[in-house]
file target.txt (compact mmCIF, C-alpha atoms)
# COMPACT_ATOMS: atom_id res chain seq x y z
CA MET Y 27 -206.87 -95.63 193.21
CA ALA Y 28 -206.91 -98.74 191.05
CA HIS Y 29 -205.43 -98.09 187.65
CA ASP Y 30 -207.29 -100.58 185.44
CA TYR Y 31 -207.41 -100.53 181.66
CA GLU Y 32 -210.31 -98.07 181.38
CA THR Y 33 -208.75 -95.62 183.84
CA ARG Y 34 -205.40 -95.52 182.08
CA VAL Y 35 -206.95 -95.12 178.64
CA GLU Y 36 -209.17 -92.31 179.87
CA GLU Y 37 -206.16 -90.55 181.44
CA ALA Y 38 -204.33 -90.72 178.11
CA LEU Y 39 -207.32 -89.38 176.21
CA ARG Y 40 -207.62 -86.41 178.59
CA ALA Y 41 -203.93 -85.55 178.35
CA GLY Y 42 -203.27 -82.42 176.31
CA LEU Y 43 -201.37 -82.54 173.03
CA THR Y 44 -199.62 -79.22 172.44
CA GLY Y 45 -196.46 -78.50 170.52
CA TRP Y 46 -193.85 -81.22 170.95
CA ASP Y 47 -194.51 -81.71 174.66
CA PHE Y 48 -194.24 -85.36 175.65
CA SER Y 49 -193.77 -84.65 179.35
CA TRP Y 50 -196.97 -86.56 180.19
CA LEU Y 51 -195.04 -89.75 179.41
CA LYS Y 52 -192.44 -89.11 182.11
CA GLY Y 53 -192.27 -92.17 184.36
CA ARG Y 54 -194.42 -94.17 181.96
CA VAL Y 55 -191.75 -94.94 179.36
CA ASP Y 56 -188.07 -95.76 179.30
CA GLY Y 57 -185.91 -94.92 176.30
CA GLU Y 58 -182.22 -95.05 175.54
CA GLY Y 59 -182.27 -92.23 172.99
CA PRO Y 60 -179.61 -92.03 170.29
CA SER Y 61 -175.95 -92.04 171.26
CA TRP Y 62 -175.47 -88.50 169.93
CA ASP Y 63 -176.79 -85.39 171.70
CA TYR Y 64 -178.64 -83.30 169.14
CA GLU Y 65 -179.08 -80.37 171.50
CA ARG Y 66 -175.36 -80.23 172.28
CA LEU Y 67 -174.51 -80.41 168.57
CA ALA Y 68 -176.96 -77.63 167.74
CA ARG Y 69 -175.61 -75.36 170.49
CA ALA Y 70 -172.04 -75.82 169.26
CA ARG Y 71 -173.00 -74.76 165.73
CA LEU Y 72 -175.03 -71.76 166.87
CA SER Y 73 -171.85 -70.00 168.00
CA HIS Y 74 -170.73 -69.76 164.36
CA ALA Y 75 -174.06 -68.65 162.85
CA ARG Y 76 -175.46 -65.18 162.35
CA SER Y 77 -178.67 -66.42 160.75
CA LEU Y 78 -180.73 -69.49 161.64
CA LEU Y 79 -183.80 -71.33 160.37
CA ASP Y 80 -185.58 -74.00 162.42
CA ILE Y 81 -187.84 -76.20 160.27
CA ASP Y 82 -191.10 -77.59 161.74
CA THR Y 83 -190.49 -75.98 165.11
CA GLY Y 84 -193.65 -77.39 166.74
CA GLY Y 85 -194.49 -75.16 169.68
CA GLY Y 86 -190.96 -73.70 169.59
CA GLU Y 87 -189.90 -75.64 172.68
CA PHE Y 88 -186.58 -76.90 171.36
CA LEU Y 89 -185.54 -73.70 169.61
CA ALA Y 90 -186.33 -71.59 172.68
CA SER Y 91 -184.14 -73.88 174.78
CA LEU Y 92 -181.14 -72.89 172.63
CA ALA Y 93 -181.34 -69.16 173.46
CA PRO Y 94 -179.54 -66.83 173.05
CA LEU Y 95 -180.14 -67.13 169.32
CA PRO Y 96 -178.42 -65.52 166.32
CA PRO Y 97 -179.39 -61.96 165.29
CA ALA Y 98 -181.47 -63.19 162.34
CA CYS Y 99 -183.65 -66.13 163.27
CA ALA Y 100 -186.72 -67.69 161.66
CA ALA Y 101 -188.81 -70.80 162.19
CA THR Y 102 -191.50 -72.61 160.24
CA GLU Y 103 -194.54 -74.51 161.47
CA ASN Y 104 -197.51 -75.70 159.43
CA TRP Y 105 -199.84 -77.22 162.03
CA ALA Y 106 -202.36 -74.53 163.02
CA PRO Y 107 -202.67 -75.43 166.75
CA ASN Y 108 -198.91 -75.07 167.17
CA LEU Y 109 -198.59 -71.64 165.56
CA PRO Y 110 -199.83 -69.47 168.46
CA LEU Y 111 -197.73 -71.50 170.88
CA ALA Y 112 -194.62 -71.07 168.75
CA ARG Y 113 -195.18 -67.34 168.26
CA GLN Y 114 -195.86 -66.74 171.93
CA ARG Y 115 -192.71 -68.58 172.90
CA LEU Y 116 -190.36 -67.42 170.14
CA SER Y 117 -191.37 -63.85 169.28
CA PRO Y 118 -189.83 -62.44 172.50
CA LEU Y 119 -186.57 -64.10 171.41
CA GLY Y 120 -186.60 -62.27 168.08
CA VAL Y 121 -187.71 -65.25 166.02
CA GLU Y 122 -190.04 -64.72 163.05
CA VAL Y 123 -192.38 -67.71 162.87
CA HIS Y 124 -193.73 -68.47 159.38
CA ARG Y 125 -196.77 -70.61 158.67
CA ALA Y 126 -195.09 -72.89 156.15
CA SER Y 127 -194.40 -76.53 155.50
CA GLY Y 128 -190.97 -78.01 155.03
CA LEU Y 129 -191.62 -77.66 151.31
CA ASP Y 130 -192.12 -73.88 151.47
CA LEU Y 131 -189.12 -72.41 153.26
CA PRO Y 132 -188.22 -68.74 153.78
CA SER Y 133 -185.73 -67.61 151.16
CA GLY Y 134 -182.85 -66.93 153.54
CA PRO Y 135 -179.98 -67.24 153.04
CA PHE Y 136 -179.26 -68.91 156.39
CA ASP Y 137 -175.90 -69.84 157.88
CA LEU Y 138 -177.49 -72.69 159.83
CA ILE Y 139 -180.64 -74.75 159.31
CA LEU Y 140 -181.89 -76.98 162.12
CA ASN Y 141 -184.42 -79.70 161.47
CA ARG Y 142 -185.37 -81.98 164.36
CA HIS Y 143 -187.93 -84.51 163.18
CA GLY Y 144 -189.30 -82.19 160.49
CA LEU Y 145 -189.91 -82.62 156.78
CA LEU Y 146 -186.57 -82.72 154.97
CA ASP Y 147 -186.76 -81.18 151.48
CA ALA Y 148 -183.23 -81.39 150.11
CA VAL Y 149 -183.74 -78.97 147.20
CA GLY Y 150 -185.46 -76.36 149.36
CA ILE Y 151 -182.79 -76.59 152.04
CA ARG Y 152 -180.01 -76.18 149.49
CA ALA Y 153 -181.71 -73.05 148.15
CA ALA Y 154 -182.15 -71.57 151.65
CA LEU Y 155 -178.58 -72.14 152.81
CA ALA Y 156 -175.94 -69.46 152.45
CA PRO Y 157 -172.70 -70.45 150.70
CA GLY Y 158 -170.84 -72.60 153.19
CA GLY Y 159 -173.97 -72.85 155.32
CA ARG Y 160 -174.72 -75.91 157.38
CA LEU Y 161 -177.69 -78.25 157.88
CA LEU Y 162 -178.01 -80.26 161.10
CA THR Y 163 -180.94 -82.67 161.16
CA GLN Y 164 -182.19 -85.54 163.28
CA GLN Y 165 -184.84 -87.58 161.51
CA VAL Y 166 -187.38 -90.22 162.48
CA GLY Y 167 -186.92 -93.13 160.09
CA SER Y 168 -189.62 -95.22 158.45
CA ARG Y 169 -188.84 -98.24 160.66
CA ASN Y 170 -189.85 -96.32 163.78
CA GLN Y 171 -191.84 -98.29 166.39
CA LEU Y 172 -193.22 -100.73 163.80
CA GLU Y 173 -193.68 -103.25 166.62
CA LEU Y 174 -196.40 -100.97 167.98
CA ASN Y 175 -198.22 -100.87 164.64
CA GLU Y 176 -198.17 -104.66 164.61
CA ALA Y 177 -199.30 -105.04 168.22
CA VAL Y 178 -202.27 -102.70 167.79
CA CYS Y 179 -203.12 -104.03 164.31
CA ILE Y 180 -202.58 -100.70 162.55
CA PRO Y 181 -200.83 -101.08 159.17
CA SER Y 182 -197.62 -99.11 158.81
CA PRO Y 183 -198.36 -96.08 156.60
CA ALA Y 184 -195.06 -96.23 154.73
CA ASP Y 185 -192.49 -98.50 153.16
CA PRO Y 186 -190.16 -99.58 156.00
CA ASP Y 187 -187.25 -98.73 153.72
CA GLY Y 188 -188.76 -95.51 152.40
CA TRP Y 189 -187.03 -93.10 154.78
CA THR Y 190 -183.63 -94.24 155.97
CA LEU Y 191 -180.20 -92.68 156.30
CA ASP Y 192 -179.18 -93.87 152.84
CA VAL Y 193 -182.30 -92.42 151.22
CA ALA Y 194 -181.81 -89.02 152.89
CA VAL Y 195 -178.10 -88.84 152.11
CA ARG Y 196 -178.75 -89.57 148.43
CA ALA Y 197 -181.37 -86.81 148.32
CA LEU Y 198 -179.10 -84.22 149.96
CA GLU Y 199 -176.10 -85.08 147.82
CA GLY Y 200 -178.31 -85.03 144.75
CA ALA Y 201 -179.32 -81.47 145.65
CA GLY Y 202 -175.67 -80.41 145.77
CA LEU Y 203 -174.95 -80.62 149.49
CA ARG Y 204 -171.83 -82.23 150.95
CA VAL Y 205 -172.68 -84.67 153.74
CA THR Y 206 -170.08 -84.59 156.53
CA THR Y 207 -171.82 -86.67 159.21
CA ALA Y 208 -174.21 -89.60 158.74
CA ARG Y 209 -175.29 -91.87 161.62
CA GLU Y 210 -178.27 -94.18 162.11
CA GLU Y 211 -179.49 -96.12 165.14
CA MET Y 212 -182.41 -98.21 166.42
CA GLY Y 213 -182.85 -97.45 170.12
CA SER Y 214 -185.05 -99.35 172.58
CA TYR Y 215 -188.19 -97.61 173.89
CA THR Y 216 -190.34 -99.33 176.51
CA PHE Y 217 -193.95 -98.54 177.42
CA ARG Y 218 -194.71 -99.26 181.09
CA ASP Y 219 -198.52 -98.93 180.94
CA ILE Y 220 -201.29 -98.93 178.36
CA GLY Y 221 -201.96 -95.23 178.92
CA ALA Y 222 -198.50 -94.43 177.57
CA VAL Y 223 -199.27 -96.50 174.48
CA VAL Y 224 -202.55 -94.66 173.86
CA PHE Y 225 -200.89 -91.27 174.32
CA GLN Y 226 -198.18 -92.21 171.80
CA LEU Y 227 -200.76 -93.43 169.29
CA ARG Y 228 -202.52 -90.06 169.58
CA ALA Y 229 -199.36 -87.97 169.51
CA ILE Y 230 -197.92 -89.18 166.19
CA PRO Y 231 -200.99 -89.61 163.94
CA TRP Y 232 -198.91 -89.81 160.75
CA GLN Y 233 -197.76 -93.26 161.90
CA PHE Y 234 -201.11 -94.33 163.36
CA PRO Y 235 -203.71 -92.63 161.12
CA GLY Y 236 -207.28 -92.49 162.38
CA PHE Y 237 -206.47 -94.07 165.74
CA GLU Y 238 -209.46 -94.52 168.08
CA PRO Y 239 -209.08 -96.69 171.19
CA SER Y 240 -212.57 -98.14 170.83
CA ALA Y 241 -211.76 -99.39 167.31
CA HIS Y 242 -208.65 -101.20 168.57
CA GLU Y 243 -209.84 -102.26 172.02
CA PRO Y 244 -209.20 -106.03 171.68
CA ALA Y 245 -205.60 -105.44 170.57
CA LEU Y 246 -205.04 -102.78 173.24
CA ARG Y 247 -206.39 -105.07 175.94
CA ARG Y 248 -204.06 -107.86 174.81
CA LEU Y 249 -201.17 -105.41 174.95
CA ASP Y 250 -202.28 -104.24 178.41
CA ARG Y 251 -202.16 -107.83 179.64
CA HIS Y 252 -198.71 -108.29 178.11
CA ILE Y 253 -197.41 -105.15 179.83
CA GLY Y 254 -198.89 -106.34 183.13
CA SER Y 255 -197.18 -109.72 182.92
CA ALA Y 256 -193.88 -108.68 181.30
CA GLY Y 257 -193.50 -105.28 182.97
CA GLY Y 258 -193.43 -103.39 179.69
CA PHE Y 259 -193.63 -103.49 175.91
CA THR Y 260 -190.45 -102.62 174.01
CA VAL Y 261 -190.31 -101.11 170.53
CA HIS Y 262 -187.45 -99.50 168.62
CA ASP Y 263 -186.97 -95.85 167.72
CA HIS Y 264 -185.48 -95.36 164.26
CA ARG Y 265 -183.33 -92.22 164.27
CA PHE Y 266 -180.65 -90.84 161.99
CA LEU Y 267 -178.41 -87.81 162.17
CA ILE Y 268 -177.03 -85.89 159.22
CA GLU Y 269 -174.82 -82.84 158.95
CA ALA Y 270 -174.28 -81.33 155.52
CA ARG Y 271 -172.64 -78.22 154.03
CA ALA Y 272 -173.63 -76.07 151.09

call {"tool": "encode", "arguments": {"input": "target.txt", "output": "structure tokens"}}
result
Amino acid sequence: MAHDYETRVEEALRAGLTGWDFSWLKGRVDGEGPSWDYERLARARLSHARSLLDIDTGGGEFLASLAPLPPACAATENWAPNLPLARQRLSPLGVEVHRASGLDLPSGPFDLILNRHGLLDAVGIRAALAPGGRLLTQQVGSRNQLELNEAVCIPSPADPDGWTLDVAVRALEGAGLRVTTAREEMGSYTFRDIGAVVFQLRAIPWQFPGFEPSAHEPALRRLDRHIGSAGGFTVHDHRFLIEARA
């Protein structure tokens, strides 16, 4: 079947968006990913924790993959469509899932707080950590995939320097935490077809607010032609990793 522009866009619009499941993009994108392995780091720290909080757990996919989990385990999620998914996945593992934003955390105290691409409230995290407790977070920085905003003519919603490693470290140290690891990278991420671009624009609406393919069709068609001639469109993922102790 011929995969022209309309077909690929329609495929991307039909694709489901649940939890943090980006499996639809498999084979349509290539990404280096950061040099660190967040999952491996999280697993290593779980062995020393008796209580755990996972902030902005999405559909609970990542946290469930870390099982077995500590005896006392909680997670937060504030997006209504994700809540039943997270509870269905995590409740059998003994995880209490709270409807809460990253600004309204369970009181704890927790030996370990994980935060993978969630809201990072330094003061709230400091209050929720047990003495000597540890935060491990991987964040999406404000310079993330800005080339895509430019290509599709969607203004970036934030100051490119508004959320960087330095900004986050200052906030955590200002809240009384001791930062022990701080790393930041810009990794290449290549879209191989226009459907992958449309899916990404739908999947992270905070970066592409109000996205509708019909409203951006001329820019999307130009990008489709570029991908066809160049074999892909490369952007850069802005990621940073922080570990901190109470």

call {"tool": "closest_residue", "arguments": {"input": "target.txt", "among": "Y:Arg54, Y:Arg34, Y:Arg218, Y:Arg265", "to": "Ala194 (chain Y)", "atoms": "only C-alpha atoms"}}
result
Y:Arg265

call {"tool": "axis_aligned_box", "arguments": {"input": "target.txt", "around": "region 32-38 of chain Y", "padding_each_side": "3 Å", "output": "AutoDock Vina command-line options"}}
result
--center_x -207.3 --center_y -94.3 --center_z 181.0 --size_x 12.0 --size_y 13.5 --size_z 11.7

call {"tool": "atom_distance", "arguments": {"input": "target.txt", "atom1": "CA of Val261 (chain Y)", "atom2": "CA of Leu174 (chain Y)"}}
result
6.6 Å

call {"tool": "atom_distance", "arguments": {"input": "target.txt", "atom1": "CA of Thr102 (chain Y)", "atom2": "CA of Thr83 (chain Y)"}}
result
6.0 Å

call {"tool": "residues_around", "arguments": {"input": "target.txt", "residues": "Gly188 (chain Y)", "least_positions_apart": "3", "cutoff": "10 Å", "atoms": "all atoms listed in the file", "output": "count of residues only"}}
result
9

call {"tool": "residues_around", "arguments": {"input": "target.txt", "residues": "Gly254 (chain Y)", "least_positions_apart": "3", "cutoff": "12 Å", "atoms": "all atoms listed in the file", "output": "number ranges by chain"}}
result
Y: 29-31, 217-220, 247-251, 257-259

call {"tool": "closest_residue", "arguments": {"input": "target.txt", "among": "Y:Glu238, Y:Gly86, Y:Glu103, Y:Ser133", "to": "Phe225 (chain Y)", "atoms": "all atoms listed in the file"}}
result
Y:Glu238

call {"tool": "residues_around", "arguments": {"input": "target.txt", "residues": "region 198-205 of chain Y", "least_positions_apart": "3", "cutoff": "10 Å", "atoms": "only C-alpha atoms", "output": "ChimeraX atom specification"}}
result
/Y:146-153,155,158-161,193-195,208,268-272

call {"tool": "residues_around", "arguments": {"input": "target.txt", "residues": "Gly144 (chain Y)", "least_positions_apart": "5", "cutoff": "12 Å", "atoms": "only C-alpha atoms", "output": "number ranges by chain"}}
result
Y: 46, 80-84, 101-105, 126-129, 139, 162-167

call {"tool": "write_last_selection", "arguments": {"input": "target.txt", "atoms": "C-alpha atoms", "output": "mmCIF file, in the frame of the given file"}}
result
data_model
loop_
_atom_site.group_PDB
_atom_site.id
_atom_site.type_symbol
_atom_site.label_atom_id
_atom_site.label_comp_id
_atom_site.auth_asym_id
_atom_site.auth_seq_id
_atom_site.Cartn_x
_atom_site.Cartn_y
_atom_site.Cartn_z
ATOM 1 C CA TRP Y 46 -193.850 -81.220 170.950
ATOM 2 C CA ASP Y 80 -185.580 -74.000 162.420
ATOM 3 C CA ILE Y 81 -187.840 -76.200 160.270
ATOM 4 C CA ASP Y 82 -191.100 -77.590 161.740
ATOM 5 C CA THR Y 83 -190.490 -75.980 165.110
ATOM 6 C CA GLY Y 84 -193.650 -77.390 166.740
ATOM 7 C CA ALA Y 101 -188.810 -70.800 162.190
ATOM 8 C CA THR Y 102 -191.500 -72.610 160.240
ATOM 9 C CA GLU Y 103 -194.540 -74.510 161.470
ATOM 10 C CA ASN Y 104 -197.510 -75.700 159.430
ATOM 11 C CA TRP Y 105 -199.840 -77.220 162.030
ATOM 12 C CA ALA Y 126 -195.090 -72.890 156.150
ATOM 13 C CA SER Y 127 -194.400 -76.530 155.500
ATOM 14 C CA GLY Y 128 -190.970 -78.010 155.030
ATOM 15 C CA LEU Y 129 -191.620 -77.660 151.310
ATOM 16 C CA ILE Y 139 -180.640 -74.750 159.310
ATOM 17 C CA LEU Y 162 -178.010 -80.260 161.100
ATOM 18 C CA THR Y 163 -180.940 -82.670 161.160
ATOM 19 C CA GLN Y 164 -182.190 -85.540 163.280
ATOM 20 C CA GLN Y 165 -184.840 -87.580 161.510
ATOM 21 C CA VAL Y 166 -187.380 -90.220 162.480
ATOM 22 C CA GLY Y 167 -186.920 -93.130 160.090
#
